[in-house]
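Please read the structure below before turning to the comments.
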Amino acid sequence: MTFLRSILAAVALATLAACAALPARPAGGMVADLAEDVQLVSQDSLGADFATEARRIDVQQRAWQAIAQRYYDPRLNGVDWPAVRDKYRPRVAGAQTDAQFYLALKSMVRELNDSHTRVVTPRESADHRRYAALSTGAALNVIDDQLVIVDVDKDSPAARAGLQRGDVVLAIDSHRFDAKFFAAARSLPLTGEDIASPEAQPARADEAMRFAQLRAVRRVLQRAPDQPPRAQRVTIGRDGGSAFEVVLQPEPLVRPPTVTTLTLPSGVTVVKLNRFSVRNRGDIERALRAAEPSRALVLDLRGNGGGDYSQFVWLVRQFLPEERHVMTQLTRAGDEVRERPVRLAPAAQPFLKPIAVLTDRRSGSASELTAVALLEQRDAIVVGESTCGCVVGVSWEYILPGGGGVRVSETGFRSAGGRRMEGQPLAPAIYAPPRLPELRAGRDLALEAAERALLERSALPPSLVRDLTGRRPPLA
């Protein structure tokens with residue numbers, strides 16, 4: 001450590017010691033009795049907790065301190081954290097509204113380039129813990145320089161408006177998403193104004209391009225913290241060249257944990273999870289029991305942003321033939337990183353037939369842990385698109401004055417095979433991104449590819465299948 005770094009470290013430690021610790025609340029898990037009327041932060045004034053410059057500076061310091069003291073990497077991803085605090089202090093001091101103040105804090109934390117560490121408003125905190133997100137219910141992706149609806153939530157504004165998979169979004173209000181927009185977006189850099197949680201850039205060139213294009217869409221559509229939702233005028237292009245307009249009013253859509261199961265005529269069973277939660281453990285057990293006669297299993301984790309770490313542990317055990325080291329946890333120990341191997345014993349009746357895992361850019365956190373563990377321990381076939389690269393653990397949300405909070409990644413992960421999980425999207429073995437004609441025809445290219453690969457594998461001699469589910473010898 002250089003002399004300058006020693007001085008900065010000493011100053012930081014002195015500052016930490018001078019500040020009181022923040023109270024905390026659990027960061028995850030369903031909270032059933034959260035009030036629906038949690039107040040939005042003000043867009044036109046400052047509340048009592050942030051009314052003076054001194055109070056705003058104090059809250060910034062508390063948020064900064066929580067990260068400096070608890071973040072799992074003592075080097076803070078190589079970021080000069082004191083310099084980041086000083087960079088945003090003028091914006092914090094000069095904030096004229098609660099929304100401006102939260103925006104400054106969010107931008108400050110965004111500089112850490114961590115997928116889970118963030119500052120949240122009271123409403124965002126409550127929504128996260130009741131599985132709610134303000135949305136129209138239309139999941140978007142970029143396909144061939146077009147903004148395409150790839151999924152529609154049931155009972156959502158988009159569904160009620162009759163929108164379908166394969167519809168092309170030509171414009172939202174005054175923002176046109178045409179060829180010119182997407183050509184300019186291909187090389188769009190990150191800026192301090194991108195306050196959404198960062199995702200890692202995938203390695204494939206075409207995926208990286210679409211990643212930059214989708215980020216450009218998010219940038220023009222992002223709102224100030226807790227800005228009241230307003231109706232959006234959306235222009236839709238549909239197969240056949242027709243175009244029409246719909247008006248969508250975003251709603252706080254609650255997506256509780258669900259499990260859906262389908263057995264294909266080929267004898268392959270598909271189990272889809274929309275999130276990781278102990279609440280649906282019984283549903284997964286029943287799905288796996290029903291899949292026992294199947295030739296193979298597809299675990300569909302597309303759109304699954306993660307959830308309970310304990311559910312990842314439980315789920316992976318259902319597929320292990322024997323006790324295995326599946327992951328290493330990384331936690332903070334002063335100025336060092338403590339490593340703890342995660343060893344899992346198999347379930348009483350594990351599923352040991354061939355498996356595939358479907359992923360996309362919305363697969364994150366516990367979904368990525370599961371996909372990597374099953375890839376390394378069971379030679380699972382990963383199919384679809386690259387994952388988010390968003391894999392760290394947040395156990396607590398530290399409560400800020402005013403009721404907001406700062407969520408800190410206190411656990412990092414490295415796979416048993418030595419893979420750094422955060423910031424490294426998992427690329428599929430079989431790349432099967434959605435295509436517009438198939439979306440409109442109701443086909444699922446990723447599922448079709450997974451089914452073909454599993455049928456080929458399940459046709460192998462039984463002795464080789466046993467080896468693949470055990471010590472994973474290389475295929476000839």
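Going by the structure tokens order, chains are called A, B, ..., each with residues numbered from 1, while ligands are numbered from 1 in the order shown.
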Write out as a CSV table (one decimal) with N, CA, C and O atoms, in the first residue's frame the residues lying within 7 Å of Arg25 of chain A, counting only C-alpha atoms and excluding same-chain residues fewer than 6 positions away.
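File produced: result.csv:
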chain,number,residue,atom,x,y,z
A,396,TRP,N,-28.9,-7.7,4.4
A,396,TRP,CA,-29.5,-6.7,5.2
A,396,TRP,C,-29.6,-5.4,4.4
A,396,TRP,O,-28.8,-5.1,3.5
A,397,GLU,N,-30.6,-4.6,4.7
A,397,GLU,CA,-30.8,-3.3,4.2
A,397,GLU,C,-30.6,-2.3,5.4
A,397,GLU,O,-31.4,-2.4,6.3
A,398,TYR,N,-29.7,-1.4,5.3
A,398,TYR,CA,-29.4,-0.5,6.4
A,398,TYR,C,-30.2,0.7,6.2
A,398,TYR,O,-30.2,1.4,5.2
Self-check item: Within 10 Å of Asp335 of chain A using only C-alpha atoms, minus same-chain residues under 2 positions, as number ranges by chain
Solution: A: 69, 72-75, 332-333, 337-338
Please save C-alpha atoms of the selected residues as a CSV table (one decimal), in the first residue's frame.
chain,number,residue,atom,x,y,z
A,69,GLN,CA,-17.4,-0.8,6.2
A,72,TYR,CA,-17.3,-7.9,0.8
A,73,ASP,CA,-14.3,-6.6,-1.2
A,74,PRO,CA,-12.1,-4.4,1.0
A,75,ARG,CA,-10.7,-2.9,-2.2
A,332,ARG,CA,-15.1,-9.3,4.5
A,333,ALA,CA,-12.6,-9.8,7.4
A,337,VAL,CA,-11.3,-11.5,2.2
A,338,ARG,CA,-12.4,-14.7,4.0
Quiz prompt | d(atom CA of Leu248 of chain A, atom CA of Arg160 of chain A) in Å | solution =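 If I compute the distance from atom CA of Leu248 of chain A to atom CA of Arg160 of chain A, I get 9.2 Å.
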Quiz item: Could you pull the residues within 9 Å of Leu40 of chain A, counting only C-alpha atoms, minus those fewer than 5 positions along the same chain, as a list in words?
Solution: Thr121, Pro122, Arg123, Glu124, Pro225, Asp226, Gln227 and Pro228 of chain A
Export of the given selection (N, CA, C and O atoms) as a PDB file, in the first residue's frame:
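For reference, part.pdb as written:
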ATOM      1  N   THR A 121     -35.391   4.142  -2.036  1.00  0.00           N
ATOM      2  CA  THR A 121     -36.354   4.990  -1.333  1.00  0.00           C
ATOM      3  C   THR A 121     -37.235   4.109  -0.455  1.00  0.00           C
ATOM      4  O   THR A 121     -37.252   2.873  -0.610  1.00  0.00           O
ATOM      5  N   PRO A 122     -37.995   4.692   0.468  1.00  0.00           N
ATOM      6  CA  PRO A 122     -38.896   3.857   1.270  1.00  0.00           C
ATOM      7  C   PRO A 122     -39.854   3.029   0.417  1.00  0.00           C
ATOM      8  O   PRO A 122     -40.110   1.866   0.714  1.00  0.00           O
ATOM      9  N   ARG A 123     -40.377   3.628  -0.653  1.00  0.00           N
ATOM     10  CA  ARG A 123     -41.313   2.885  -1.503  1.00  0.00           C
ATOM     11  C   ARG A 123     -40.602   1.756  -2.241  1.00  0.00           C
ATOM     12  O   ARG A 123     -41.130   0.636  -2.358  1.00  0.00           O
ATOM     13  N   GLU A 124     -39.415   2.016  -2.758  1.00  0.00           N
ATOM     14  CA  GLU A 124     -38.671   0.967  -3.448  1.00  0.00           C
ATOM     15  C   GLU A 124     -38.347  -0.190  -2.512  1.00  0.00           C
ATOM     16  O   GLU A 124     -38.380  -1.354  -2.915  1.00  0.00           O
ATOM     17  N   PRO A 225     -36.309   9.064  -9.077  1.00  0.00           N
ATOM     18  CA  PRO A 225     -36.762   8.176  -7.996  1.00  0.00           C
ATOM     19  C   PRO A 225     -38.171   8.515  -7.534  1.00  0.00           C
ATOM     20  O   PRO A 225     -38.487   9.670  -7.213  1.00  0.00           O
ATOM     21  N   ASP A 226     -39.039   7.503  -7.524  1.00  0.00           N
ATOM     22  CA  ASP A 226     -40.426   7.615  -7.060  1.00  0.00           C
ATOM     23  C   ASP A 226     -41.268   8.599  -7.874  1.00  0.00           C
ATOM     24  O   ASP A 226     -42.314   9.045  -7.409  1.00  0.00           O
ATOM     25  N   GLN A 227     -40.834   8.949  -9.051  1.00  0.00           N
ATOM     26  CA  GLN A 227     -41.671   9.818  -9.882  1.00  0.00           C
ATOM     27  C   GLN A 227     -42.996   9.108 -10.144  1.00  0.00           C
ATOM     28  O   GLN A 227     -43.012   7.960 -10.566  1.00  0.00           O
ATOM     29  N   PRO A 228     -44.118   9.774  -9.885  1.00  0.00           N
ATOM     30  CA  PRO A 228     -45.412   9.105 -10.073  1.00  0.00           C
ATOM     31  C   PRO A 228     -45.546   8.579 -11.501  1.00  0.00           C
ATOM     32  O   PRO A 228     -45.162   9.259 -12.463  1.00  0.00           O
TER      33      PRO A 228
END
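Residues of segment 290-390 of chain A carrying a DSSP assignment of alpha helix (DSSP H), computed from the backbone, are Ala290, Tyr309, Ser310, Gln311, Phe312, Val313, Trp314, Leu315, Val316, Arg317, Ala366, Ser367, Glu368, Leu369, Thr370, Ala371, Val372, Ala373, Leu374, Leu375, Glu376, Gln377 and Arg378 of chain A.
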Go ahead and dump the residues you just picked, N, CA and C atoms, as a short mmCIF file (atom, residue, chain, number, x, y, z; two decimals), in the first residue's frame.
data_model
loop_
_atom_site.label_atom_id
_atom_site.label_comp_id
_atom_site.auth_asym_id
_atom_site.auth_seq_id
_atom_site.Cartn_x
_atom_site.Cartn_y
_atom_site.Cartn_z
N ALA A 290 -42.98 -35.55 -9.98
CA ALA A 290 -43.74 -35.85 -11.20
C ALA A 290 -42.81 -36.08 -12.39
N TYR A 309 -31.01 -17.18 -1.13
CA TYR A 309 -29.82 -18.01 -1.28
C TYR A 309 -30.09 -19.42 -0.76
N SER A 310 -30.85 -19.53 0.33
CA SER A 310 -31.13 -20.86 0.89
C SER A 310 -31.90 -21.73 -0.09
N GLN A 311 -32.69 -21.10 -0.95
CA GLN A 311 -33.42 -21.89 -1.95
C GLN A 311 -32.48 -22.40 -3.03
N PHE A 312 -31.46 -21.62 -3.39
CA PHE A 312 -30.44 -22.12 -4.31
C PHE A 312 -29.77 -23.36 -3.72
N VAL A 313 -29.38 -23.29 -2.45
CA VAL A 313 -28.73 -24.43 -1.80
C VAL A 313 -29.63 -25.66 -1.86
N TRP A 314 -30.90 -25.46 -1.51
CA TRP A 314 -31.85 -26.58 -1.49
C TRP A 314 -32.05 -27.15 -2.89
N LEU A 315 -32.19 -26.27 -3.89
CA LEU A 315 -32.49 -26.74 -5.24
C LEU A 315 -31.33 -27.53 -5.84
N VAL A 316 -30.11 -27.06 -5.68
CA VAL A 316 -28.97 -27.76 -6.26
C VAL A 316 -28.82 -29.15 -5.64
N ARG A 317 -29.13 -29.28 -4.36
CA ARG A 317 -29.05 -30.59 -3.71
C ARG A 317 -29.95 -31.62 -4.39
N ALA A 366 -29.30 -15.85 -7.78
CA ALA A 366 -29.44 -17.27 -7.47
C ALA A 366 -29.64 -18.11 -8.72
N SER A 367 -30.23 -17.53 -9.77
CA SER A 367 -30.37 -18.27 -11.03
C SER A 367 -29.00 -18.59 -11.62
N GLU A 368 -28.10 -17.63 -11.56
CA GLU A 368 -26.76 -17.85 -12.11
C GLU A 368 -25.96 -18.82 -11.25
N LEU A 369 -26.10 -18.71 -9.93
CA LEU A 369 -25.45 -19.68 -9.05
C LEU A 369 -25.90 -21.10 -9.40
N THR A 370 -27.20 -21.26 -9.62
CA THR A 370 -27.75 -22.58 -9.93
C THR A 370 -27.24 -23.08 -11.28
N ALA A 371 -27.28 -22.21 -12.29
CA ALA A 371 -26.85 -22.62 -13.62
C ALA A 371 -25.38 -23.04 -13.63
N VAL A 372 -24.53 -22.27 -12.97
CA VAL A 372 -23.10 -22.60 -12.93
C VAL A 372 -22.85 -23.87 -12.12
N ALA A 373 -23.51 -23.99 -10.97
CA ALA A 373 -23.32 -25.19 -10.15
C ALA A 373 -23.74 -26.44 -10.91
N LEU A 374 -24.88 -26.39 -11.60
CA LEU A 374 -25.33 -27.56 -12.35
C LEU A 374 -24.47 -27.82 -13.58
N LEU A 375 -23.93 -26.75 -14.17
CA LEU A 375 -23.00 -26.94 -15.29
C LEU A 375 -21.74 -27.66 -14.82
N GLU A 376 -21.16 -27.20 -13.73
CA GLU A 376 -19.90 -27.77 -13.26
C GLU A 376 -20.07 -29.13 -12.60
N GLN A 377 -21.17 -29.33 -11.88
CA GLN A 377 -21.34 -30.56 -11.12
C GLN A 377 -22.12 -31.65 -11.84
N ARG A 378 -22.95 -31.24 -12.83
CA ARG A 378 -23.79 -32.23 -13.51
C ARG A 378 -23.71 -32.15 -15.02
#
Quiz item: If you count only C-alpha atoms, which residues fall within 12 Å of Tyr71 of chain A, apart from same-chain ones fewer than 5 positions away, as a PyMOL selection string?
Solution: chain A and resi 63-66+76-77+81+109+112+114+116-118+330-337+392-396+406-412
Prev. selection, N, CA, C and O atoms, output as a short mmCIF file (atom, residue, chain, number, x, y, z; two decimals), in the first residue's frame:
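What landed in selection26.cif:
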data_model
loop_
_atom_site.label_atom_id
_atom_site.label_comp_id
_atom_site.auth_asym_id
_atom_site.auth_seq_id
_atom_site.Cartn_x
_atom_site.Cartn_y
_atom_site.Cartn_z
N ALA A 63 -24.61 6.47 4.26
CA ALA A 63 -24.72 5.50 3.17
C ALA A 63 -23.33 5.09 2.68
O ALA A 63 -23.06 3.91 2.46
N TRP A 64 -22.46 6.07 2.51
CA TRP A 64 -21.09 5.80 2.07
C TRP A 64 -20.38 4.90 3.07
O TRP A 64 -19.68 3.96 2.70
N GLN A 65 -20.57 5.19 4.35
CA GLN A 65 -19.90 4.42 5.41
C GLN A 65 -20.37 2.97 5.43
O GLN A 65 -19.56 2.04 5.59
N ALA A 66 -21.67 2.76 5.27
CA ALA A 66 -22.20 1.40 5.30
C ALA A 66 -21.52 0.54 4.24
O ALA A 66 -21.19 -0.63 4.46
N LEU A 76 -13.04 -2.50 -2.62
CA LEU A 76 -14.21 -1.86 -3.23
C LEU A 76 -14.10 -1.82 -4.76
O LEU A 76 -14.25 -0.79 -5.40
N ASN A 77 -13.82 -3.00 -5.31
CA ASN A 77 -13.72 -3.17 -6.76
C ASN A 77 -12.67 -2.27 -7.41
O ASN A 77 -12.76 -1.95 -8.60
N TRP A 81 -13.07 5.05 -3.26
CA TRP A 81 -14.36 5.32 -2.64
C TRP A 81 -14.41 6.71 -1.97
O TRP A 81 -15.42 7.40 -2.10
N VAL A 109 -23.58 5.51 -5.62
CA VAL A 109 -23.43 4.07 -5.39
C VAL A 109 -23.23 3.33 -6.72
O VAL A 109 -22.51 2.32 -6.78
N LEU A 112 -19.75 2.22 -7.90
CA LEU A 112 -19.10 1.01 -7.39
C LEU A 112 -19.17 -0.12 -8.41
O LEU A 112 -18.39 -1.08 -8.34
N ASP A 114 -21.48 -2.42 -8.88
CA ASP A 114 -21.91 -3.66 -8.25
C ASP A 114 -23.40 -3.83 -8.53
O ASP A 114 -24.19 -2.89 -8.41
N HIS A 116 -25.84 -5.39 -7.00
CA HIS A 116 -26.82 -5.44 -5.93
C HIS A 116 -26.72 -4.29 -4.93
O HIS A 116 -27.68 -4.03 -4.20
N THR A 117 -25.56 -3.66 -4.83
CA THR A 117 -25.41 -2.56 -3.87
C THR A 117 -26.11 -1.33 -4.41
O THR A 117 -25.83 -0.89 -5.53
N ARG A 118 -27.03 -0.77 -3.63
CA ARG A 118 -27.83 0.35 -4.12
C ARG A 118 -28.48 1.10 -2.96
O ARG A 118 -28.58 0.58 -1.85
N LEU A 330 -17.30 -15.49 -0.45
CA LEU A 330 -16.27 -14.50 -0.14
C LEU A 330 -16.89 -13.43 0.75
O LEU A 330 -17.87 -12.79 0.38
N THR A 331 -16.33 -13.25 1.96
CA THR A 331 -16.85 -12.25 2.88
C THR A 331 -15.71 -11.39 3.42
O THR A 331 -14.53 -11.74 3.33
N ARG A 332 -16.06 -10.29 4.01
CA ARG A 332 -15.09 -9.31 4.51
C ARG A 332 -14.58 -9.73 5.88
O ARG A 332 -15.34 -10.11 6.76
N ALA A 333 -13.28 -9.62 6.04
CA ALA A 333 -12.65 -9.84 7.35
C ALA A 333 -11.62 -8.73 7.54
O ALA A 333 -10.43 -8.92 7.29
N GLY A 334 -12.09 -7.56 7.93
CA GLY A 334 -11.20 -6.41 8.06
C GLY A 334 -10.71 -5.97 6.69
O GLY A 334 -11.49 -5.63 5.81
N ASP A 335 -9.41 -6.01 6.50
CA ASP A 335 -8.82 -5.65 5.21
C ASP A 335 -8.56 -6.87 4.33
O ASP A 335 -7.89 -6.77 3.31
N GLU A 336 -9.07 -8.02 4.73
CA GLU A 336 -8.85 -9.25 3.97
C GLU A 336 -10.19 -9.84 3.53
O GLU A 336 -11.26 -9.42 3.98
N VAL A 337 -10.12 -10.80 2.62
CA VAL A 337 -11.30 -11.53 2.16
C VAL A 337 -11.26 -12.93 2.74
O VAL A 337 -10.26 -13.64 2.61
N VAL A 392 -24.03 -11.48 -6.29
CA VAL A 392 -23.50 -11.17 -4.97
C VAL A 392 -24.65 -11.34 -3.97
O VAL A 392 -25.82 -11.45 -4.36
N GLY A 393 -24.32 -11.37 -2.69
CA GLY A 393 -25.34 -11.61 -1.68
C GLY A 393 -25.61 -10.40 -0.81
O GLY A 393 -24.67 -9.78 -0.30
N VAL A 394 -26.88 -10.07 -0.64
CA VAL A 394 -27.31 -8.97 0.23
C VAL A 394 -28.24 -9.54 1.29
O VAL A 394 -29.30 -10.07 0.96
N SER A 395 -27.82 -9.47 2.55
CA SER A 395 -28.64 -10.01 3.64
C SER A 395 -29.43 -8.93 4.35
O SER A 395 -30.52 -9.19 4.87
N TRP A 396 -28.86 -7.72 4.41
CA TRP A 396 -29.46 -6.65 5.21
C TRP A 396 -29.58 -5.37 4.41
O TRP A 396 -28.76 -5.09 3.54
N VAL A 406 -29.89 1.51 2.35
CA VAL A 406 -28.75 1.17 1.49
C VAL A 406 -28.53 -0.33 1.60
O VAL A 406 -28.39 -0.88 2.69
N ARG A 407 -28.58 -0.98 0.45
CA ARG A 407 -28.40 -2.43 0.37
C ARG A 407 -26.95 -2.70 -0.03
O ARG A 407 -26.47 -2.18 -1.04
N VAL A 408 -26.25 -3.49 0.75
CA VAL A 408 -24.81 -3.69 0.58
C VAL A 408 -24.53 -5.16 0.28
O VAL A 408 -24.99 -6.06 0.99
N SER A 409 -23.74 -5.39 -0.77
CA SER A 409 -23.32 -6.75 -1.10
C SER A 409 -22.25 -7.18 -0.09
O SER A 409 -21.10 -6.74 -0.17
N GLU A 410 -22.62 -8.04 0.84
CA GLU A 410 -21.70 -8.47 1.89
C GLU A 410 -21.13 -9.86 1.61
O GLU A 410 -20.30 -10.35 2.37
N THR A 411 -21.56 -10.49 0.50
CA THR A 411 -21.05 -11.80 0.12
C THR A 411 -20.78 -11.84 -1.37
O THR A 411 -21.65 -11.45 -2.17
N GLY A 412 -19.60 -12.29 -1.75
CA GLY A 412 -19.29 -12.56 -3.14
C GLY A 412 -19.19 -14.06 -3.34
O GLY A 412 -19.20 -14.84 -2.37
#
I want to know what sits within 8 Å of segment 446-448 of chain A, based on only C-alpha atoms, with residues of the same chain fewer than 2 positions away left out; could you give that as a PDB file with N, CA and C atoms, in the first residue's frame?
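Wrote it out as around.pdb, contents follow:
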ATOM      1  N   LEU A 358     -32.288 -23.227 -18.981  1.00  0.00           N
ATOM      2  CA  LEU A 358     -32.548 -22.132 -19.898  1.00  0.00           C
ATOM      3  C   LEU A 358     -32.253 -20.810 -19.209  1.00  0.00           C
ATOM      4  N   VAL A 383     -28.663 -23.354 -22.175  1.00  0.00           N
ATOM      5  CA  VAL A 383     -29.219 -23.005 -23.477  1.00  0.00           C
ATOM      6  C   VAL A 383     -29.917 -21.654 -23.389  1.00  0.00           C
ATOM      7  N   GLY A 384     -29.797 -20.857 -24.437  1.00  0.00           N
ATOM      8  CA  GLY A 384     -30.514 -19.588 -24.497  1.00  0.00           C
ATOM      9  C   GLY A 384     -29.587 -18.428 -24.748  1.00  0.00           C
ATOM     10  N   TYR A 431     -26.337 -21.309 -28.002  1.00  0.00           N
ATOM     11  CA  TYR A 431     -26.852 -19.943 -28.085  1.00  0.00           C
ATOM     12  C   TYR A 431     -28.135 -19.952 -28.912  1.00  0.00           C
ATOM     13  N   ALA A 432     -29.242 -19.588 -28.309  1.00  0.00           N
ATOM     14  CA  ALA A 432     -30.542 -19.636 -28.986  1.00  0.00           C
ATOM     15  C   ALA A 432     -31.355 -18.398 -28.616  1.00  0.00           C
ATOM     16  N   PRO A 433     -30.970 -17.219 -29.134  1.00  0.00           N
ATOM     17  CA  PRO A 433     -31.723 -16.007 -28.842  1.00  0.00           C
ATOM     18  C   PRO A 433     -33.065 -16.019 -29.544  1.00  0.00           C
ATOM     19  N   PRO A 434     -34.043 -15.240 -29.053  1.00  0.00           N
ATOM     20  CA  PRO A 434     -35.342 -15.199 -29.736  1.00  0.00           C
ATOM     21  C   PRO A 434     -35.215 -14.556 -31.115  1.00  0.00           C
ATOM     22  N   ASP A 444     -40.685 -21.498 -29.225  1.00  0.00           N
ATOM     23  CA  ASP A 444     -39.660 -21.196 -28.226  1.00  0.00           C
ATOM     24  C   ASP A 444     -38.366 -21.870 -28.688  1.00  0.00           C
ATOM     25  N   ALA A 450     -32.940 -27.025 -26.346  1.00  0.00           N
ATOM     26  CA  ALA A 450     -32.654 -27.804 -25.136  1.00  0.00           C
ATOM     27  C   ALA A 450     -33.246 -29.205 -25.244  1.00  0.00           C
ATOM     28  N   GLU A 451     -34.462 -29.299 -25.763  1.00  0.00           N
ATOM     29  CA  GLU A 451     -35.098 -30.604 -25.906  1.00  0.00           C
ATOM     30  C   GLU A 451     -34.294 -31.503 -26.839  1.00  0.00           C
ATOM     31  N   ARG A 452     -33.847 -30.973 -27.977  1.00  0.00           N
ATOM     32  CA  ARG A 452     -33.056 -31.776 -28.908  1.00  0.00           C
ATOM     33  C   ARG A 452     -31.766 -32.274 -28.256  1.00  0.00           C
TER      34      ARG A 452
END
Just the residues within 7 Å of Asp145 of chain A, please, counting only C-alpha atoms, with nothing from its chain fewer than 2 positions along; format it as a PDB file with N, CA, C and O atoms, in the first residue's frame.
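Done, and the output landed in around_37.pdb:
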ATOM      1  N   VAL A 142     -34.032  -6.359 -27.738  1.00  0.00           N
ATOM      2  CA  VAL A 142     -33.704  -5.837 -29.063  1.00  0.00           C
ATOM      3  C   VAL A 142     -33.395  -7.012 -29.980  1.00  0.00           C
ATOM      4  O   VAL A 142     -32.532  -7.848 -29.676  1.00  0.00           O
ATOM      5  N   ILE A 143     -34.116  -7.091 -31.088  1.00  0.00           N
ATOM      6  CA  ILE A 143     -33.914  -8.145 -32.084  1.00  0.00           C
ATOM      7  C   ILE A 143     -33.804  -7.479 -33.452  1.00  0.00           C
ATOM      8  O   ILE A 143     -34.734  -6.782 -33.883  1.00  0.00           O
ATOM      9  N   LEU A 147     -37.111  -2.923 -31.263  1.00  0.00           N
ATOM     10  CA  LEU A 147     -37.485  -3.120 -29.872  1.00  0.00           C
ATOM     11  C   LEU A 147     -38.720  -4.014 -29.842  1.00  0.00           C
ATOM     12  O   LEU A 147     -39.802  -3.610 -30.293  1.00  0.00           O
ATOM     13  N   ALA A 179     -34.310   2.595 -36.776  1.00  0.00           N
ATOM     14  CA  ALA A 179     -32.971   2.141 -37.150  1.00  0.00           C
ATOM     15  C   ALA A 179     -31.911   3.166 -36.772  1.00  0.00           C
ATOM     16  O   ALA A 179     -30.803   2.805 -36.351  1.00  0.00           O
ATOM     17  N   PHE A 182     -31.095   2.854 -33.002  1.00  0.00           N
ATOM     18  CA  PHE A 182     -30.323   1.677 -32.622  1.00  0.00           C
ATOM     19  C   PHE A 182     -28.924   1.687 -33.224  1.00  0.00           C
ATOM     20  O   PHE A 182     -27.994   1.114 -32.641  1.00  0.00           O
TER      21      PHE A 182
END
Practice problem: Grab the atom CA of Leu103 of chain A to atom CA of Ala54 of chain A distance for me, in Å with one decimal place. | Solution: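 Atom-to-atom, atom CA of Leu103 of chain A and atom CA of Ala54 of chain A are spaced 17.6 Å apart.
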Quiz item: Which residue, A:Ser294, A:Ser386, A:Gln43, A:Gln249, has the smallest gap to Lys353 of chain A when you use only C-alpha atoms?
Solution: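 Of A:Ser294, A:Ser386, A:Gln43, A:Gln249, the one nearest Lys353 of chain A is A:Ser294, counting only C-alpha atoms.
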Quiz item: Pick from A:Leu134, A:Val120, A:Ala104, A:Ala24: nearest to Gly404 of chain A, with only C-alpha atoms counted?
Solution: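 The answer is A:Val120, which sits nearest to Gly404 of chain A.
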Practice problem: Within segment 171-401 of chain A, find each residue whose DSSP state, derived from the backbone, is strand (DSSP E or B), and express the selection as a ChimeraX atom specification. | Solution: /A:171-172,175-176,232-238,242-248,251-254,259-263,268-273,276,296-300,307,324-333,336-344,355-359,381-384,393,396-399
So that I can see what lies close to Gly282 of chain A, please list as a PDB file with N, CA, C and O atoms, in the first residue's frame the residues with an atom at most 12 Å from it, counting only C-alpha atoms and leaving out residues fewer than 5 positions away in the same chain.
ATOM      1  N   PRO A 257     -43.747 -15.830  -5.947  1.00  0.00           N
ATOM      2  CA  PRO A 257     -43.045 -17.003  -6.485  1.00  0.00           C
ATOM      3  C   PRO A 257     -44.020 -18.023  -7.072  1.00  0.00           C
ATOM      4  O   PRO A 257     -45.030 -18.362  -6.450  1.00  0.00           O
ATOM      5  N   THR A 258     -43.739 -18.473  -8.282  1.00  0.00           N
ATOM      6  CA  THR A 258     -44.575 -19.481  -8.922  1.00  0.00           C
ATOM      7  C   THR A 258     -43.709 -20.559  -9.560  1.00  0.00           C
ATOM      8  O   THR A 258     -42.558 -20.328  -9.920  1.00  0.00           O
ATOM      9  N   VAL A 259     -44.288 -21.740  -9.686  1.00  0.00           N
ATOM     10  CA  VAL A 259     -43.650 -22.882 -10.353  1.00  0.00           C
ATOM     11  C   VAL A 259     -44.636 -23.421 -11.381  1.00  0.00           C
ATOM     12  O   VAL A 259     -45.796 -23.682 -11.055  1.00  0.00           O
ATOM     13  N   SER A 277     -37.517 -18.779  -3.888  1.00  0.00           N
ATOM     14  CA  SER A 277     -38.159 -18.487  -2.609  1.00  0.00           C
ATOM     15  C   SER A 277     -38.492 -19.788  -1.905  1.00  0.00           C
ATOM     16  O   SER A 277     -38.919 -20.764  -2.542  1.00  0.00           O
ATOM     17  N   ALA A 287     -43.100 -31.024  -8.416  1.00  0.00           N
ATOM     18  CA  ALA A 287     -42.723 -31.022  -9.827  1.00  0.00           C
ATOM     19  C   ALA A 287     -41.621 -32.036 -10.104  1.00  0.00           C
ATOM     20  O   ALA A 287     -41.659 -32.759 -11.115  1.00  0.00           O
ATOM     21  N   LEU A 288     -40.633 -32.115  -9.222  1.00  0.00           N
ATOM     22  CA  LEU A 288     -39.533 -33.064  -9.422  1.00  0.00           C
ATOM     23  C   LEU A 288     -39.992 -34.508  -9.253  1.00  0.00           C
ATOM     24  O   LEU A 288     -39.527 -35.408  -9.968  1.00  0.00           O
ATOM     25  N   ARG A 289     -40.917 -34.738  -8.324  1.00  0.00           N
ATOM     26  CA  ARG A 289     -41.458 -36.101  -8.176  1.00  0.00           C
ATOM     27  C   ARG A 289     -42.216 -36.509  -9.435  1.00  0.00           C
ATOM     28  O   ARG A 289     -42.104 -37.639  -9.912  1.00  0.00           O
ATOM     29  N   GLN A 311     -32.688 -21.104  -0.951  1.00  0.00           N
ATOM     30  CA  GLN A 311     -33.424 -21.889  -1.947  1.00  0.00           C
ATOM     31  C   GLN A 311     -32.485 -22.400  -3.035  1.00  0.00           C
ATOM     32  O   GLN A 311     -32.669 -23.499  -3.554  1.00  0.00           O
ATOM     33  N   TRP A 314     -30.901 -25.459  -1.509  1.00  0.00           N
ATOM     34  CA  TRP A 314     -31.847 -26.578  -1.486  1.00  0.00           C
ATOM     35  C   TRP A 314     -32.045 -27.151  -2.894  1.00  0.00           C
ATOM     36  O   TRP A 314     -32.055 -28.366  -3.090  1.00  0.00           O
ATOM     37  N   LEU A 315     -32.189 -26.270  -3.892  1.00  0.00           N
ATOM     38  CA  LEU A 315     -32.490 -26.735  -5.241  1.00  0.00           C
ATOM     39  C   LEU A 315     -31.331 -27.529  -5.838  1.00  0.00           C
ATOM     40  O   LEU A 315     -31.538 -28.601  -6.425  1.00  0.00           O
TER      41      LEU A 315
END
Quiz item: What separation in Å, quoted to one decimal, exists between atom CA of Glu207 of chain A and atom CA of Asp153 of chain A?
Solution: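 Interatomic distance here is 24.2 Å.
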